[in-house]
Amino acid sequence: MRERLEADAEVVLLTFTTAELLDEYQQRRELDVAMLIDDARSVYASYGLGRGSFGQVWGWATLRRYAQILRRSDRGWSDLAPSTEDTRQLGGDFVIAPDGRLSWGFWSEGPADRPSVDDVADAVERAVTT
């Protein structure tokens with residue numbers, strides 16, 4: 001996705017974690033994107049991102065996703081750690097057009113519910129060409 005978006009967009013990751021945990025996450029994942037912390041979750045609320053039910057967050061889709069991560073990981077179970085945060089906070093993916101308006105959004109229904117890279121890249125391309 002980075003190659004498709006490099007000329008057209010800036011990717012920003014917004015989280016409500018602590019600065020220490022975010023630094024550790026960024027180093028471990030070697031992510032080269034801007035990362036911002038919304039510890040009060042005011043941006044989450046502004047975009048209508050609430051908390052999911054226990055079933056939404058810890059259902060079969062999430063368990064399957066964790067199993068996939070464990071199978072791909074060379075570190076196995078060491079990639080998993082107990083959460084210190086609100087695991088029920090739902091996330092989303094959004095594209096803000098150059099004029100500042102929300103041009104596309106994806107409100108997840110659980111932690112395993114994410115749009116495809118192509119869907120996000122297509123939304124960015126539409127936002128910068130209209």
# chains A, B, ... in the order shown; residues from 1 in each chain; ligands from 1
>>> closest_atom_pairs(of="segment 35-65 of chain A", to="segment 103-107 of chain A", cutoff="9 Å", atoms="only C-alpha atoms", output="CSV")
residue,atom,partner,partner_atom,distance
A:Tyr47,CA,A:Trp107,CA,8.7
A:Gly48,CA,A:Trp107,CA,8.1
A:Leu49,CA,A:Trp107,CA,6.9
>>> select_by_dssp(residues="segment 20-124 of chain A", states="alpha helix (DSSP H)", output="PyMOL selection string")
chain A and resi 20-29+42-46+54-57+60-72+117-124
>>> closest_residue(among="A:Gln68, A:Val11, A:Thr62, A:Gly52", to="Glu109 of chain A", atoms="only C-alpha atoms")
A:Gly52
>>> residues_around(residues="Glu85 of chain A", least_positions_apart="4", cutoff="9 Å", atoms="only C-alpha atoms", output="MDAnalysis selection string")
chainID A and resid 16:17 89
>>> write_last_selection(atoms="N, CA and C atoms", output="mmCIF file, in the first residue's frame")
data_model
loop_
_atom_site.group_PDB
_atom_site.id
_atom_site.type_symbol
_atom_site.label_atom_id
_atom_site.label_comp_id
_atom_site.auth_asym_id
_atom_site.auth_seq_id
_atom_site.Cartn_x
_atom_site.Cartn_y
_atom_site.Cartn_z
ATOM 1 N N PHE A 16 -4.927 5.041 21.280
ATOM 2 C CA PHE A 16 -5.145 5.604 22.609
ATOM 3 C C PHE A 16 -4.190 5.001 23.627
ATOM 4 N N THR A 17 -3.131 4.386 23.171
ATOM 5 C CA THR A 17 -2.160 3.737 24.038
ATOM 6 C C THR A 17 -1.255 4.773 24.717
ATOM 7 N N GLN A 89 -12.523 -1.253 22.595
ATOM 8 C CA GLN A 89 -12.602 -0.041 21.770
ATOM 9 C C GLN A 89 -12.519 -0.433 20.296
#
>>> closest_residue(among="A:Trp60, A:Leu102, A:Arg29, A:Leu70", to="Arg126 of chain A", atoms="only C-alpha atoms")
A:Leu102
>>> residues_around(residues="Ser116 of chain A", least_positions_apart="6", cutoff="12 Å", atoms="only C-alpha atoms", output="list in words")
Met1, Asp93, Phe106, Asp122 and Ala123 of chain A
>>> write_last_selection(atoms="N, CA and C atoms", output="PDB file, in the first residue's frame")
ATOM      1  N   MET A   1       0.832  -1.190   0.000  1.00  0.00           N
ATOM      2  CA  MET A   1       0.000   0.000   0.000  1.00  0.00           C
ATOM      3  C   MET A   1       0.869   1.243   0.000  1.00  0.00           C
ATOM      4  N   ASP A  93     -10.984   3.028   9.743  1.00  0.00           N
ATOM      5  CA  ASP A  93     -10.044   3.525   8.751  1.00  0.00           C
ATOM      6  C   ASP A  93     -10.760   4.636   7.993  1.00  0.00           C
ATOM      7  N   PHE A 106     -14.499   3.538   7.149  1.00  0.00           N
ATOM      8  CA  PHE A 106     -14.773   2.132   7.438  1.00  0.00           C
ATOM      9  C   PHE A 106     -14.812   2.001   8.954  1.00  0.00           C
ATOM     10  N   ASP A 122      -7.859   2.727  -3.090  1.00  0.00           N
ATOM     11  CA  ASP A 122      -8.835   3.247  -4.055  1.00  0.00           C
ATOM     12  C   ASP A 122      -9.539   4.478  -3.500  1.00  0.00           C
ATOM     13  N   ALA A 123      -9.879   4.455  -2.221  1.00  0.00           N
ATOM     14  CA  ALA A 123     -10.539   5.603  -1.586  1.00  0.00           C
ATOM     15  C   ALA A 123      -9.619   6.822  -1.582  1.00  0.00           C
TER      16      ALA A 123
END
>>> closest_residue(among="A:Met35, A:Val128, A:Ala112, A:Ala19", to="Leu90 of chain A", atoms="only C-alpha atoms")
A:Ala112
>>> select_by_dssp(residues="segment 2-102 of chain A", states="strand (DSSP E)", output="tab-separated table (two decimals) with N, CA, C and O atoms, in the first residue's frame")
chain	number	residue	atom	x	y	z
A	12	VAL	N	-1.50	8.02	8.70
A	12	VAL	CA	-1.38	8.35	10.11
A	12	VAL	C	-2.08	7.27	10.92
A	12	VAL	O	-3.21	6.90	10.61
A	13	LEU	N	-1.42	6.76	11.93
A	13	LEU	CA	-2.01	5.80	12.84
A	13	LEU	C	-2.40	6.55	14.12
A	13	LEU	O	-1.58	7.25	14.69
A	14	LEU	N	-3.65	6.43	14.50
A	14	LEU	CA	-4.15	7.06	15.72
A	14	LEU	C	-4.48	5.97	16.72
A	14	LEU	O	-5.17	5.01	16.39
A	15	THR	N	-3.99	6.12	17.94
A	15	THR	CA	-4.22	5.12	18.97
A	15	THR	C	-4.49	5.81	20.30
A	15	THR	O	-4.31	7.02	20.43
A	34	ALA	N	3.36	8.20	10.55
A	34	ALA	CA	3.12	9.08	11.69
A	34	ALA	C	2.16	8.39	12.65
A	34	ALA	O	1.20	7.75	12.23
A	35	MET	N	2.45	8.50	13.95
A	35	MET	CA	1.60	7.87	14.96
A	35	MET	C	1.22	8.92	16.00
A	35	MET	O	2.09	9.60	16.54
A	36	LEU	N	-0.07	9.02	16.25
A	36	LEU	CA	-0.59	9.99	17.21
A	36	LEU	C	-1.36	9.28	18.31
A	36	LEU	O	-1.96	8.23	18.08
A	37	ILE	N	-1.36	9.89	19.49
A	37	ILE	CA	-2.06	9.30	20.63
A	37	ILE	C	-3.26	10.18	20.99
A	37	ILE	O	-3.14	11.39	21.15
A	92	GLY	N	-11.29	2.09	13.22
A	92	GLY	CA	-11.78	2.39	11.89
A	92	GLY	C	-10.66	2.86	11.00
A	92	GLY	O	-9.54	3.07	11.45
A	93	ASP	N	-10.98	3.03	9.74
A	93	ASP	CA	-10.04	3.52	8.75
A	93	ASP	C	-10.76	4.64	7.99
A	93	ASP	O	-11.90	4.44	7.55
A	94	PHE	N	-10.07	5.77	7.83
A	94	PHE	CA	-10.71	6.93	7.23
A	94	PHE	C	-9.79	7.61	6.25
A	94	PHE	O	-8.58	7.61	6.42
A	95	VAL	N	-10.40	8.20	5.22
A	95	VAL	CA	-9.66	8.98	4.24
A	95	VAL	C	-10.21	10.41	4.31
A	95	VAL	O	-11.41	10.62	4.15
A	96	ILE	N	-9.31	11.34	4.56
A	96	ILE	CA	-9.66	12.74	4.60
A	96	ILE	C	-9.17	13.37	3.30
A	96	ILE	O	-7.99	13.27	2.96
A	102	LEU	N	-14.30	14.43	5.24
A	102	LEU	CA	-14.23	12.97	5.30
A	102	LEU	C	-14.77	12.44	3.98
A	102	LEU	O	-15.93	12.66	3.64
>>> atom_distance(atom1="atom CA of Asp38 of chain A", atom2="atom CA of Gln26 of chain A")
16.1 Å
>>> closest_residue(among="A:Arg71, A:Gly50, A:Ser42, A:Gly59", to="Ser108 of chain A", atoms="only C-alpha atoms")
A:Gly50
